[in-house]
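A.B. asks: Once you've had a glance at the structure underneath, I'll fire off some questions.
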Amino acid sequence: MLSAESTAVVRATLPAVGGALDEITTRFYDAMFHDRPELLDGMFNRGNQASGAQRRALAGSIAGFATALLDNPDIRPDTLLDRIAHKHAAVGVTDDQYTIVHKYLFGAIAEVLGDAVTAEVAAAWDEVYWLMAGALIAREARLYQDAGVEPGQVWQQWTVVERRTETPDVVSFLLRPADGRPAPRARAGQYVSVRVPAADGVRQLRQYSLSSDPGGDLRRITVKRVAGTDAAPDGEVSNLLHDQVREGDELTLSAPFGDVFLDDPADATTPVVLVSAGIGGTPMTGILAHLAALGSTRPVLVLHADRSPADHALRAETAKLAGQLPGARAVFWYEQPGAKEPDAREGLMNLDGVELPEGATVFLCGPLPFMRDVRAQLLRGGVPAQHIHYEVFGPDLWLPGPTA
């Protein structure tokens, strides 16, 4: 709980701090990487730094946590903290790094806001920072314990046993632990970090959802080649995986993490709705495969949107898995459906006329504009906000409120 004195100061200064967070986080990362370049080796994704996505995500998390402290002083924003903790654990963040971040973050705050940062203001925001850091450190310690690894020691070598082209820009890699030991426990819907050496020797990483049933010793990731835009460069990790990794090669993967996953005890009856677009269908295929492996009779509704059937990665597998589940049905939308897809709907996903099972747990994944639009449709359709669980590929630039 934030002290009464700090609450008053944070409330008064939040507009100024929040308005300057983009500049603060820019200077923070510039100074930290200048002094500690080793952090760019296997800890931060350079593409997210170049596009500003990591900077905006950090700014949003700080503002979101501070706002939550003011709005609900006695309640910690568990959803926000859990999501960040899983992301941190998946790249091996350790307790000591919070001290490093504190040094450079508060240096950037003082540099940007100048004389406005009095001793009182600095103390209040210091309290906010350590409340957030302490909560994350505790959560990450539990995650490491649950994963059976020492803090930060999340990496394991895996052998590629099969490489399969799914679409012109999507490839799947089937993997087995290189040391022959059992695969670490994973839940359907979770992701792993993949760490690879870039051309200059600096290790880069990216998270990829597990796209097959995580119950055995084989794991699969399905990777879309990320092409550069004016705002961001080509994806280093995805292009390296596409261009260089073949059957028999080894990859470095983290233990599985992710706060969005299917909790499916044998007697579960709650309906499940899987909503995705583009490469966002990969965790949904993993969830479907897990349900099929369990012989689940839960009602399952699969909703997916894509540019065309040819662009729909794992399309045939998704349809096959849905067909194996007695309570499942699938609906696909394509902007260019083609003559061979008479049952597909044309255009963007529109839930008008789609009967949503009552009381369902909804999993949502895809590009941010898609998720914002479909989440709004789900809310209008009567689905409670707390029943909608979303996964963002990369830094979380959404951070929706409990009802927004």
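Numbering starts fresh at 1 for the residues of each chain in the structure tokens, the chains themselves are lettered A, B, ... in the order given, and ligands are numbered from 1 as they appear.
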Stretch 159-164 of chain A: which residues within 8 Å, counting only C-alpha atoms, same-chain residues fewer than 5 positions away excluded, as a PyMOL selection string?

C.D. replies: chain A and resi 171-178+246-251

A.B. asks: Please list as a list in words every residue within 10 Å of A:Val226, counting only C-alpha atoms and excluding residues in the same chain fewer than 3 positions away.

C.D. replies: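 What passes the distance filter is Asp169, Val170, Val223, Thr229, Ala232, Pro233, Asp234, Gly235, Glu236, Val237, Ser238 and Asn239 of chain A.
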
A.B. asks: Determine which residues of stretch 133-349 of chain A receive a DSSP assignment of helix (DSSP H, G or I), computed from the backbone, and state them as a PyMOL selection string.

C.D. replies: chain A and resi 133-147+236-244+278-294+309-311+315-324

A.B. asks: May I have the residues within 10 Å of A:Ala183 as a compact mmCIF listing (two decimals) with C-alpha atoms, in the first residue's frame, using only C-alpha atoms and disregarding those fewer than 3 positions away in the same chain?

C.D. replies:
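For reference, part05.txt as written:
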# COMPACT_ATOMS: atom_id res chain seq x y z
CA GLN A 156 17.96 -25.17 -22.20
CA TRP A 158 16.70 -28.15 -27.86
CA LEU A 175 11.86 -29.61 -30.94
CA ARG A 176 13.17 -32.15 -28.43
CA PRO A 177 15.42 -31.50 -25.38
CA ALA A 178 19.01 -31.93 -26.61
CA ASP A 179 20.12 -33.61 -23.37
CA GLY A 180 17.41 -36.27 -23.53
CA ALA A 186 4.14 -26.28 -19.89
CA PRO A 214 2.62 -29.25 -24.55
CA GLY A 215 1.92 -32.48 -22.69
CA GLY A 216 4.78 -34.60 -24.09
CA ASP A 217 8.51 -34.28 -24.64
CA LEU A 218 8.17 -32.67 -28.05
CA ARG A 219 7.42 -28.97 -28.39
CA ALA A 255 11.33 -22.62 -19.77
CA PRO A 256 7.67 -22.02 -20.69

A.B. asks: Using only C-alpha atoms, which residues sit within 12 Å of stretch 103-113 of chain A once same-chain residues fewer than 3 positions away are excluded, as a PyMOL selection string?

C.D. replies: chain A and resi 13+16-36+55+58-59+62+96-100+116-119+121-130

A.B. asks: For A:Ala85, which residue out of A:Val194, A:Ala293, A:Ala63, A:Ile137 is the nearest one, using only C-alpha atoms?

C.D. replies: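 Of A:Val194, A:Ala293, A:Ala63, A:Ile137, the one nearest A:Ala85, counting only C-alpha atoms, is A:Ile137.
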
A.B. asks: Ranking A:Gln207, A:Gln153, A:Gln145, A:Ser61 by minimum distance to A:Pro283 and counting only C-alpha atoms, which one comes first?

C.D. replies: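 Of the candidates, the smallest distance to A:Pro283 is held by A:Gln207.
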
A.B. asks: Give me, please, the distance in Å between atom CA of A:Gln54 and atom CA of A:Val392, quoted to one decimal.

C.D. replies: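 Rounded to one decimal, the two atoms are 12.7 Å apart.
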
A.B. asks: Could you pull out all residues of stretch 78-231 of chain A with a DSSP call of strand (DSSP E) and give them as a ChimeraX atom specification?

C.D. replies: /A:155-167,170-177,191-197,203-209,219-224

A.B. asks: Those selected residues, please, written with C-alpha atoms and delivered as a short mmCIF file (atom, residue, chain, number, x, y, z; two decimals), in the first residue's frame.

C.D. replies:
data_model
loop_
_atom_site.label_atom_id
_atom_site.label_comp_id
_atom_site.auth_asym_id
_atom_site.auth_seq_id
_atom_site.Cartn_x
_atom_site.Cartn_y
_atom_site.Cartn_z
CA TRP A 155 17.73 -21.67 -20.69
CA GLN A 156 17.96 -25.17 -22.20
CA GLN A 157 19.23 -26.55 -25.49
CA TRP A 158 16.70 -28.15 -27.86
CA THR A 159 17.25 -30.09 -31.06
CA VAL A 160 15.17 -29.40 -34.17
CA VAL A 161 13.72 -32.75 -35.18
CA GLU A 162 11.52 -31.39 -37.97
CA ARG A 163 11.15 -28.17 -39.93
CA ARG A 164 7.90 -27.65 -41.83
CA THR A 165 6.79 -24.82 -44.09
CA GLU A 166 3.24 -23.76 -43.21
CA THR A 167 2.79 -20.77 -45.55
CA VAL A 170 5.50 -19.12 -41.69
CA VAL A 171 7.63 -22.09 -40.61
CA SER A 172 7.14 -24.58 -37.76
CA PHE A 173 9.98 -26.17 -35.78
CA LEU A 174 9.40 -29.39 -33.84
CA LEU A 175 11.86 -29.61 -30.94
CA ARG A 176 13.17 -32.15 -28.43
CA PRO A 177 15.42 -31.50 -25.38
CA TYR A 191 5.19 -19.29 -24.80
CA VAL A 192 8.95 -19.76 -24.72
CA SER A 193 11.76 -17.34 -25.45
CA VAL A 194 14.11 -18.32 -28.27
CA ARG A 195 17.64 -16.90 -27.97
CA VAL A 196 19.90 -16.86 -31.02
CA PRO A 197 23.23 -15.18 -31.90
CA ARG A 203 22.31 -12.76 -28.70
CA GLN A 204 18.78 -11.71 -29.55
CA LEU A 205 15.54 -13.21 -28.27
CA ARG A 206 11.89 -13.38 -29.11
CA GLN A 207 8.91 -15.14 -27.55
CA TYR A 208 6.94 -17.73 -29.52
CA SER A 209 3.78 -19.55 -28.45
CA ARG A 219 7.42 -28.97 -28.39
CA ARG A 220 6.62 -26.91 -31.47
CA ILE A 221 6.95 -23.23 -32.26
CA THR A 222 5.51 -21.65 -35.38
CA VAL A 223 7.39 -18.58 -36.58
CA LYS A 224 6.25 -15.85 -38.94
#

A.B. asks: Between atom CA of A:Pro326 and atom CA of A:Val260, what is the distance, to one decimal in Å?

C.D. replies: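 Atom-to-atom, atom CA of A:Pro326 to atom CA of A:Val260, that is 24.3 Å.
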
A.B. asks: Can you work out the spacing between atom CA of A:Ala90 and atom CA of A:Asp259 in Å, to one decimal?

C.D. replies: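 Taking atom CA of A:Ala90 as the start and atom CA of A:Asp259 as the end point, the length is 11.3 Å.
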
A.B. asks: Which polymer residues have any atom within 10 Å of an atom of A:Pro357, counting only C-alpha atoms, with same-chain residues fewer than 6 positions away left out, as a compact mmCIF listing (two decimals) with N, CA and C atoms, in the first residue's frame?

C.D. replies:
# COMPACT_ATOMS: atom_id res chain seq x y z
N THR A 270 -16.56 -25.83 -18.54
CA THR A 270 -16.72 -24.44 -18.98
C THR A 270 -16.44 -24.32 -20.47
N PRO A 271 -17.35 -23.69 -21.22
CA PRO A 271 -17.08 -23.51 -22.66
C PRO A 271 -15.83 -22.67 -22.89
N VAL A 272 -15.18 -22.90 -24.02
CA VAL A 272 -13.97 -22.19 -24.40
C VAL A 272 -14.19 -21.56 -25.77
N VAL A 273 -13.84 -20.29 -25.90
CA VAL A 273 -13.88 -19.60 -27.19
C VAL A 273 -12.46 -19.15 -27.52
N PRO A 299 -17.61 -27.57 -24.62
CA PRO A 299 -17.97 -26.79 -25.82
C PRO A 299 -16.82 -25.87 -26.21
N VAL A 300 -16.41 -25.91 -27.47
CA VAL A 300 -15.29 -25.10 -27.96
C VAL A 300 -15.71 -24.41 -29.24
N LEU A 301 -15.53 -23.10 -29.28
CA LEU A 301 -15.82 -22.32 -30.48
C LEU A 301 -14.51 -21.69 -30.95
N VAL A 383 -20.21 -10.65 -23.06
CA VAL A 383 -19.14 -11.43 -22.41
C VAL A 383 -18.50 -10.55 -21.33

A.B. asks: Got a sec: who's within 10 Å of A:Ala66, counting only C-alpha atoms, leaving out chain neighbours fewer than 6 positions off, as a PyMOL selection string?

C.D. replies: chain A and resi 2+7+10-11+14+18+60+73+77+125+128-129+131-132

A.B. asks: Kindly save the residues from that selection, with N, CA and C atoms included, as an mmCIF file, in the first residue's frame.

C.D. replies:
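Result file is again.cif:
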data_model
loop_
_atom_site.group_PDB
_atom_site.id
_atom_site.type_symbol
_atom_site.label_atom_id
_atom_site.label_comp_id
_atom_site.auth_asym_id
_atom_site.auth_seq_id
_atom_site.Cartn_x
_atom_site.Cartn_y
_atom_site.Cartn_z
ATOM 1 N N LEU A 2 0.532 2.206 -0.809
ATOM 2 C CA LEU A 2 1.259 3.455 -0.887
ATOM 3 C C LEU A 2 0.915 4.316 0.328
ATOM 4 N N THR A 7 0.902 9.101 -1.579
ATOM 5 C CA THR A 7 -0.305 9.096 -2.416
ATOM 6 C C THR A 7 -0.646 10.498 -2.862
ATOM 7 N N VAL A 10 2.029 11.657 -5.456
ATOM 8 C CA VAL A 10 1.903 10.960 -6.739
ATOM 9 C C VAL A 10 0.658 11.426 -7.482
ATOM 10 N N ARG A 11 -0.423 11.615 -6.760
ATOM 11 C CA ARG A 11 -1.656 12.091 -7.403
ATOM 12 C C ARG A 11 -1.440 13.469 -8.033
ATOM 13 N N LEU A 14 1.315 12.917 -11.063
ATOM 14 C CA LEU A 14 1.120 11.901 -12.103
ATOM 15 C C LEU A 14 0.901 12.509 -13.489
ATOM 16 N N GLY A 18 3.425 11.332 -16.093
ATOM 17 C CA GLY A 18 2.845 10.548 -17.174
ATOM 18 C C GLY A 18 3.059 11.194 -18.525
ATOM 19 N N GLY A 60 3.861 2.653 -20.195
ATOM 20 C CA GLY A 60 2.484 2.272 -19.887
ATOM 21 C C GLY A 60 2.367 1.484 -18.605
ATOM 22 N N PRO A 73 -6.174 1.726 -3.558
ATOM 23 C CA PRO A 73 -4.972 1.657 -2.732
ATOM 24 C C PRO A 73 -4.754 0.311 -2.057
ATOM 25 N N PRO A 77 -2.700 -4.456 -8.751
ATOM 26 C CA PRO A 77 -3.173 -4.799 -10.107
ATOM 27 C C PRO A 77 -2.557 -6.117 -10.576
ATOM 28 N N TRP A 125 7.827 8.808 -5.699
ATOM 29 C CA TRP A 125 7.918 7.936 -6.861
ATOM 30 C C TRP A 125 8.882 6.769 -6.615
ATOM 31 N N VAL A 128 6.673 4.209 -5.166
ATOM 32 C CA VAL A 128 5.906 3.541 -6.219
ATOM 33 C C VAL A 128 6.766 2.484 -6.908
ATOM 34 N N TYR A 129 7.994 2.886 -7.258
ATOM 35 C CA TYR A 129 8.869 1.961 -7.977
ATOM 36 C C TYR A 129 9.129 0.696 -7.172
ATOM 37 N N LEU A 131 7.459 -0.555 -4.650
ATOM 38 C CA LEU A 131 6.254 -1.367 -4.473
ATOM 39 C C LEU A 131 6.046 -2.266 -5.691
ATOM 40 N N MET A 132 6.212 -1.686 -6.875
ATOM 41 C CA MET A 132 6.051 -2.463 -8.104
ATOM 42 C C MET A 132 7.165 -3.494 -8.243
#

A.B. asks: Write out as a list in words each polymer residue whose atoms come within 10 Å of A:Thr318, counting only C-alpha atoms; drop sequence neighbours fewer than 5 positions from it.

C.D. replies: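 In the requested format, the answer is Gly281, Thr282, Met284, Thr285, Gly286, Leu288, Ala289, Val302, His304, His312, Ala313, Gly323 and Ala330 of chain A.
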